[in-house]
>>> print(open('input.txt').read())   # compact mmCIF, C-alpha atoms
# COMPACT_ATOMS: atom_id res chain seq x y z
CA MET A 1 0.75 2.85 -11.38
CA ALA A 2 3.06 3.82 -14.20
CA THR A 3 4.22 1.26 -16.68
CA ALA A 4 7.95 1.16 -17.08
CA THR A 5 9.25 2.47 -20.38
CA THR A 6 12.93 1.87 -19.70
CA ILE A 7 13.45 -1.61 -18.37
CA ASP A 8 16.43 -3.78 -17.63
CA THR A 9 15.81 -7.08 -19.40
CA ALA A 10 19.29 -8.53 -19.08
CA GLY A 11 19.50 -12.06 -17.74
CA GLY A 12 19.56 -12.00 -13.94
CA ALA A 13 17.89 -8.59 -13.67
CA LYS A 14 15.49 -8.43 -10.74
CA LEU A 15 12.01 -6.99 -11.16
CA PRO A 16 10.75 -4.59 -8.48
CA GLU A 17 9.00 -6.67 -5.83
CA LEU A 18 5.32 -6.35 -4.97
CA LEU A 19 3.88 -6.73 -1.48
CA LYS A 20 0.40 -8.16 -1.03
CA GLU A 21 -1.67 -8.33 2.16
CA VAL A 22 -4.08 -11.21 1.62
CA SER A 23 -7.04 -10.35 3.83
CA GLN A 24 -10.20 -12.39 4.22
CA ARG A 25 -12.20 -9.51 2.72
CA LYS A 26 -10.06 -9.58 -0.42
CA ILE A 27 -10.47 -13.34 -0.64
CA ASP A 28 -14.24 -12.97 -0.20
CA VAL A 29 -14.46 -10.48 -3.07
CA TYR A 30 -12.18 -12.55 -5.28
CA SER A 31 -13.89 -15.88 -4.73
CA GLY A 32 -17.43 -14.95 -3.76
CA VAL A 33 -18.70 -15.99 -0.35
CA ARG A 34 -20.43 -19.34 -0.12
CA PRO A 35 -20.78 -22.13 2.41
CA ARG A 36 -18.62 -25.24 2.21
CA SER A 37 -15.82 -23.32 0.54
CA ILE A 38 -12.25 -23.57 1.81
CA HIS A 39 -11.84 -19.95 0.71
CA THR A 40 -14.73 -18.31 2.53
CA ASP A 41 -16.10 -20.76 5.13
CA GLU A 42 -13.61 -21.02 7.97
CA SER A 43 -15.29 -24.00 9.64
CA TRP A 44 -15.19 -25.88 6.34
CA ALA A 45 -11.52 -24.97 5.82
CA ARG A 46 -10.72 -26.30 9.31
CA ALA A 47 -12.70 -29.46 8.61
CA LYS A 48 -10.45 -29.98 5.60
CA GLY A 49 -7.36 -29.65 7.78
CA PHE A 50 -6.37 -26.02 7.28
CA PRO A 51 -5.83 -23.54 10.13
CA ALA A 52 -7.73 -20.76 8.32
CA CYS A 53 -9.39 -20.01 5.01
CA LEU A 54 -7.16 -20.32 1.97
CA ALA A 55 -6.75 -17.68 -0.68
CA GLN A 56 -7.52 -18.98 -4.12
CA ALA A 57 -4.26 -19.90 -5.81
CA MET A 58 -5.50 -17.87 -8.74
CA MET A 59 -4.96 -14.69 -6.70
CA SER A 60 -1.24 -15.35 -6.95
CA THR A 61 -1.50 -15.50 -10.74
CA ALA A 62 -3.07 -12.04 -10.62
CA TYR A 63 -0.10 -10.80 -8.59
CA ILE A 64 2.31 -12.26 -11.15
CA SER A 65 0.24 -10.67 -13.90
CA GLU A 66 0.63 -7.29 -12.21
CA LEU A 67 4.37 -7.83 -11.83
CA MET A 68 4.71 -8.62 -15.53
CA THR A 69 2.41 -5.84 -16.74
CA ARG A 70 4.47 -3.35 -14.75
CA PHE A 71 7.57 -4.84 -16.36
CA VAL A 72 6.74 -5.16 -20.06
CA GLY A 73 3.40 -3.32 -20.31
CA ALA A 74 1.12 -4.04 -23.25
CA GLY A 75 3.27 -6.97 -24.35
CA PHE A 76 2.02 -8.95 -21.40
CA VAL A 77 -1.66 -8.03 -21.72
CA LYS A 78 -1.53 -9.19 -25.37
CA GLY A 79 1.07 -11.87 -25.94
CA GLY A 80 2.00 -12.73 -22.37
CA THR A 81 2.23 -16.23 -20.93
CA MET A 82 2.35 -17.68 -17.44
CA SER A 83 2.92 -21.16 -16.07
CA MET A 84 2.61 -21.58 -12.30
CA THR A 85 2.78 -24.40 -9.77
CA PHE A 86 1.17 -23.82 -6.40
CA ILE A 87 3.32 -25.45 -3.77
CA LYS A 88 2.01 -24.15 -0.45
CA PRO A 89 -1.38 -22.78 0.55
CA VAL A 90 -1.78 -19.04 1.12
CA LEU A 91 -3.86 -18.40 4.23
CA ALA A 92 -6.08 -15.44 5.05
CA GLY A 93 -3.86 -12.90 6.78
CA ASP A 94 -0.69 -13.94 4.96
CA ARG A 95 1.63 -11.31 3.53
CA LEU A 96 3.15 -12.22 0.19
CA THR A 97 6.15 -10.83 -1.61
CA VAL A 98 6.05 -11.26 -5.38
CA HIS A 99 9.38 -11.76 -7.11
CA GLY A 100 10.74 -11.96 -10.64
CA VAL A 101 14.19 -12.49 -12.14
CA VAL A 102 14.86 -12.34 -15.88
CA LYS A 103 15.89 -15.73 -17.27
CA GLU A 104 16.30 -15.07 -20.96
CA ARG A 105 15.36 -13.04 -24.05
CA ARG A 106 14.50 -14.72 -27.29
CA PRO A 107 13.19 -13.70 -30.73
CA ASP A 108 9.46 -14.15 -31.23
CA GLY A 109 7.79 -13.17 -34.50
CA GLY A 110 10.01 -10.19 -35.18
CA ARG A 111 9.89 -9.02 -31.58
CA THR A 112 11.70 -10.01 -28.41
CA ARG A 113 10.13 -12.16 -25.72
CA VAL A 114 11.55 -11.85 -22.23
CA VAL A 115 11.13 -14.85 -19.94
CA VAL A 116 11.04 -14.29 -16.19
CA GLU A 117 11.33 -16.74 -13.32
CA VAL A 118 8.57 -15.72 -10.91
CA TRP A 119 7.50 -16.73 -7.44
CA CYS A 120 5.51 -15.67 -4.41
CA GLU A 121 6.89 -15.96 -0.89
CA ASN A 122 4.99 -15.68 2.39
CA GLN A 123 5.95 -13.80 5.55
CA HIS A 124 7.85 -16.88 6.78
CA GLY A 125 10.11 -16.87 3.74
CA GLU A 126 8.37 -19.92 2.27
CA LYS A 127 7.64 -20.07 -1.44
CA THR A 128 3.93 -20.54 -2.11
CA ALA A 129 3.89 -20.43 -5.92
CA VAL A 130 6.67 -20.81 -8.49
CA GLY A 131 6.85 -20.65 -12.25
CA THR A 132 7.70 -18.64 -15.31
CA ALA A 133 6.03 -15.78 -17.13
CA SER A 134 6.89 -14.05 -20.37
CA GLY A 135 5.97 -11.01 -22.37
CA LEU A 136 6.83 -9.19 -25.55
CA LEU A 137 9.08 -6.17 -25.26
CA PRO A 138 7.95 -2.87 -26.77
CA GLY A 139 8.94 -2.20 -30.36
CA MET B 1 -32.59 -29.11 -17.21
CA GLN B 2 -29.01 -29.68 -16.10
CA GLU B 3 -28.47 -32.48 -13.62
CA PHE B 4 -25.61 -32.25 -11.16
CA LYS B 5 -23.69 -35.06 -9.50
CA PRO B 6 -20.87 -35.04 -6.94
CA LEU B 7 -17.44 -34.61 -8.47
CA THR B 8 -15.33 -37.68 -7.88
CA TYR B 9 -12.25 -39.04 -9.54
CA GLU B 10 -14.30 -41.95 -10.82
CA ALA B 11 -17.05 -39.74 -12.23
CA VAL B 12 -14.92 -37.33 -14.23
CA GLN B 13 -13.94 -38.63 -17.67
CA VAL B 14 -10.97 -37.76 -19.86
CA GLY B 15 -12.38 -36.10 -22.96
CA GLU B 16 -15.34 -34.67 -21.07
CA GLU B 17 -16.19 -31.18 -22.30
CA PHE B 18 -17.61 -28.18 -20.46
CA VAL B 19 -18.91 -24.79 -21.49
CA SER B 20 -19.69 -21.85 -19.24
CA ASP B 21 -22.55 -19.43 -19.47
CA THR B 22 -21.78 -16.14 -21.22
CA HIS B 23 -20.73 -13.32 -18.94
CA LEU B 24 -20.98 -9.62 -19.75
CA VAL B 25 -17.76 -7.99 -18.52
CA SER B 26 -18.75 -4.84 -16.66
CA PRO B 27 -16.69 -1.95 -15.33
CA GLU B 28 -17.81 -3.06 -11.86
CA ASP B 29 -16.31 -6.52 -12.46
CA ILE B 30 -13.02 -4.90 -13.35
CA GLU B 31 -13.12 -2.57 -10.36
CA ALA B 32 -13.95 -5.35 -7.90
CA TYR B 33 -11.21 -7.56 -9.28
CA ALA B 34 -8.69 -4.72 -9.07
CA TRP B 35 -9.63 -4.17 -5.42
CA ALA B 36 -9.44 -7.86 -4.56
CA VAL B 37 -5.93 -8.25 -5.94
CA ASP B 38 -4.84 -4.74 -4.90
CA ASP B 39 -3.85 -3.65 -8.41
CA ASP B 40 -5.18 -0.26 -9.51
CA HIS B 41 -3.44 -0.01 -12.87
CA PRO B 42 -4.90 2.99 -14.77
CA TRP B 43 -5.49 0.87 -17.87
CA PHE B 44 -8.35 -0.78 -15.97
CA PHE B 45 -10.18 2.52 -15.52
CA GLU B 46 -8.97 4.95 -18.17
CA ASP B 47 -7.36 4.64 -21.58
CA SER B 48 -4.85 1.94 -22.49
CA PRO B 49 -2.57 1.30 -25.46
CA PHE B 50 -5.39 -0.88 -26.83
CA GLY B 51 -7.85 2.02 -27.03
CA GLY B 52 -10.12 2.33 -23.99
CA PRO B 53 -9.83 0.45 -20.74
CA VAL B 54 -8.96 -3.22 -20.49
CA ALA B 55 -9.48 -5.77 -17.76
CA HIS B 56 -6.84 -7.42 -15.69
CA PRO B 57 -5.54 -10.26 -17.92
CA THR B 58 -6.57 -12.91 -15.36
CA LEU B 59 -10.07 -11.45 -14.81
CA MET B 60 -11.94 -14.39 -16.33
CA ALA B 61 -9.73 -17.15 -14.95
CA ASN B 62 -12.37 -18.13 -12.42
CA GLN B 63 -14.87 -18.61 -15.22
CA ALA B 64 -12.54 -21.23 -16.66
CA LEU B 65 -11.66 -22.74 -13.31
CA ALA B 66 -15.35 -23.15 -12.46
CA LEU B 67 -16.20 -25.00 -15.68
CA ARG B 68 -16.65 -28.30 -13.87
CA HIS B 69 -19.27 -26.65 -11.64
CA SER B 70 -21.51 -26.57 -14.70
CA ARG B 71 -22.06 -30.30 -14.29
CA TYR B 72 -20.78 -31.33 -10.87
CA VAL B 73 -21.24 -30.39 -7.23
CA VAL B 74 -17.71 -29.51 -6.14
CA HIS B 75 -17.06 -29.18 -2.45
CA GLY B 76 -13.44 -28.30 -2.76
CA GLY B 77 -10.10 -29.18 -4.09
CA LEU B 78 -6.70 -27.65 -4.42
CA HIS B 79 -5.41 -25.88 -7.47
CA ALA B 80 -2.06 -27.41 -8.33
CA LYS B 81 -1.00 -25.79 -11.62
CA MET B 82 -2.17 -23.03 -13.96
CA GLU B 83 -1.08 -21.97 -17.41
CA PHE B 84 -2.18 -18.91 -19.36
CA GLU B 85 -1.61 -17.52 -22.81
CA PHE B 86 -3.02 -14.00 -23.04
CA VAL B 87 -4.01 -13.69 -26.69
CA GLU B 88 -6.19 -10.58 -26.78
CA PRO B 89 -7.15 -8.04 -24.11
CA ILE B 90 -10.42 -8.49 -22.25
CA ARG B 91 -12.47 -5.29 -22.41
CA PRO B 92 -15.53 -4.01 -20.58
CA GLY B 93 -18.65 -4.64 -22.64
CA MET B 94 -17.43 -7.95 -24.02
CA ARG B 95 -19.60 -11.02 -23.61
CA VAL B 96 -17.22 -13.87 -22.83
CA ARG B 97 -17.46 -17.55 -22.16
CA SER B 98 -15.03 -20.39 -21.52
CA ARG B 99 -14.91 -23.87 -22.95
CA GLY B 100 -12.90 -26.68 -21.45
CA ARG B 101 -12.00 -30.32 -21.95
CA VAL B 102 -10.57 -32.78 -19.47
CA ILE B 103 -7.30 -33.95 -20.99
CA ASP B 104 -5.94 -36.12 -18.18
CA LYS B 105 -6.64 -37.52 -14.75
CA TYR B 106 -4.17 -39.32 -12.53
CA GLU B 107 -3.35 -40.24 -8.97
CA ARG B 108 -0.12 -39.17 -7.34
CA ARG B 109 0.86 -40.01 -3.78
CA GLY B 110 -2.66 -41.30 -3.26
CA LYS B 111 -4.29 -38.06 -4.31
CA PRO B 112 -6.51 -37.67 -7.39
CA TYR B 113 -5.93 -34.94 -9.97
CA MET B 114 -7.70 -33.75 -13.11
CA VAL B 115 -6.21 -31.65 -15.91
CA THR B 116 -8.41 -29.36 -18.03
CA GLU B 117 -7.48 -27.34 -21.08
CA TYR B 118 -9.58 -24.25 -21.70
CA VAL B 119 -10.17 -21.30 -23.94
CA THR B 120 -11.97 -18.07 -23.10
CA GLU B 121 -13.46 -16.25 -26.08
CA ASP B 122 -15.74 -13.33 -26.91
CA ASP B 123 -19.11 -13.68 -28.61
CA ASN B 124 -17.47 -13.47 -32.04
CA GLY B 125 -15.38 -16.51 -31.20
CA THR B 126 -12.17 -14.50 -30.86
CA VAL B 127 -9.82 -16.25 -28.47
CA LEU B 128 -8.88 -14.03 -25.55
CA VAL B 129 -7.09 -16.44 -23.23
CA ARG B 130 -6.16 -20.09 -23.46
CA GLY B 131 -4.35 -22.47 -21.17
CA GLN B 132 -4.75 -25.40 -18.86
CA PHE B 133 -5.06 -26.13 -15.18
CA THR B 134 -4.54 -29.03 -12.81
CA GLN B 135 -6.80 -29.50 -9.81
CA MET B 136 -6.52 -31.94 -6.92
CA LEU B 137 -9.85 -33.39 -5.85
CA PHE B 138 -10.83 -33.83 -2.21
CA ARG B 139 -12.01 -37.27 -1.24
CA ASP B 140 -14.96 -36.92 1.15
>>> encode(input="input.txt", output="structure tokens")
Amino acid sequence: MATATTIDTAGGAKLPELLKEVSQRKIDVYSGVRPRSIHTDESWARAKGFPACLAQAMMSTAYISELMTRFVGAGFVKGGTMSMTFIKPVLAGDRLTVHGVVKERRPDGGRTRVVVEVWCENQHGEKTAVGTASGLLPG
Amino acid sequence: MQEFKPLTYEAVQVGEEFVSDTHLVSPEDIEAYAWAVDDDHPWFFEDSPFGGPVAHPTLMANQALALRHSRYVVHGGLHAKMEFEFVEPIRPGMRVRSRGRVIDKYERRGKPYMVTEYVTEDDNGTVLVRGQFTQMLFRD
């Protein structure tokens, strides 16, 4: 994956979307398999009222992190921020689209911080996680 | 010897502090994480602008999220909110640990929540990541 070197950071600019297939195997590796876990024990997830195992919400923060690292590069890995609210469970087998739209640019310690509205959406068009992320632009 | 008790809204106390064990970040950790989240950025495996490979910025988030497991038996809950500030890159070969403190607990619509602030640091005490998270507790 190449990191963008010329990026549109104007307000309203859309970041290239990411697509994520959230398989049970990926969830298992992310969370570690154990009994009585809503992430990796399907019978336990059903007992808690869910139709299938849930992906850890934290997986969506990794997707947003990828979106932002592709966008601003090193200024997200060192100096980035993220604030997310998880509004709908992500189930094993779901397909997420990861979105970002630039909200603003502002000075930050002699550099420019770009703030992005970010969200994940499932295959039904429902938002599963919403929030903001920011990073420092190169230079 | 650490004693564990079931995590309940009544048991957890605002101001309660947690600390994780130290974890050695290995290239295999970074590779497994990259596979799990389907992100094969070359900085994870080759050189990066920071000199050498770095880990995915959220690599150690589960260390922080699991802090309460160091004292409680936790049979589930839902993660409601998460905040990160990525201060310094996480690199393979670092020994990292997370510290946390419960800063709030509340009930909303009949459901109990706890809020924890955390910091993840290397073995020199350099802060790598800080933030806070809100978790809903399951009532058995």
>>> interface_residues(input="input.txt", of="chain B", to="chain A", cutoff="7 Å", atoms="all atoms listed in the file", output="list in words")
Tyr33, Ala36, Val37, Asp39, Asp40, His41, Pro42, Pro49, Pro57, Thr58, His75, Gly76, His79, Ala80, Lys81, Met82, Glu83, Phe84, Glu85, Phe86, Val87, Glu88 and Pro89 of chain B
>>> closest_residue(input="input.txt", among="A:Ala52, A:Ala47, A:Gly12, A:Leu18", to="Asp94 of chain A", atoms="all atoms listed in the file")
A:Ala52
>>> residues_around(input="input.txt", residues="segment 8-21 of chain B", least_positions_apart="5", cutoff="10 Å", atoms="all atoms listed in the file", output="PyMOL selection string")
chain B and resi 63-64+66-74+95-107+111-120+136-140
>>> atom_distance(input="input.txt", atom1="atom CA of Pro92 of chain B", atom2="atom CA of Glu31 of chain B")
10.6 Å
>>> atom_distance(input="input.txt", atom1="atom CA of Trp119 of chain A", atom2="atom CA of Gly110 of chain B")
26.9 Å
>>> atom_distance(input="input.txt", atom1="atom CA of Val101 of chain A", atom2="atom CA of Asn122 of chain A")
17.5 Å
>>> residues_near_point(input="input.txt", point="(-9.4, 0.1, -20.9)", cutoff="12 Å", atoms="all atoms listed in the file", output="NGL selection string")
(:A and (74 or 77)) or (:B and (25-27 or 30-31 or 41-57 or 89-94))
>>> closest_residue(input="input.txt", among="B:Glu28, B:Leu7, B:Met60, B:Met1", to="Asp122 of chain B", atoms="only C-alpha atoms")
B:Met60
>>> residues_around(input="input.txt", residues="Val102 of chain A", least_positions_apart="6", cutoff="8 Å", atoms="only C-alpha atoms", output="PyMOL selection string")
chain A and resi 9-15+114-117
>>> axis_aligned_box(input="input.txt", around="segment 116-128 of chain A", padding_each_side="8 Å", output="AutoDock Vina command-line options")
--center_x 7.6 --center_y -17.2 --center_z -4.7 --size_x 23.4 --size_y 22.7 --size_z 39.0
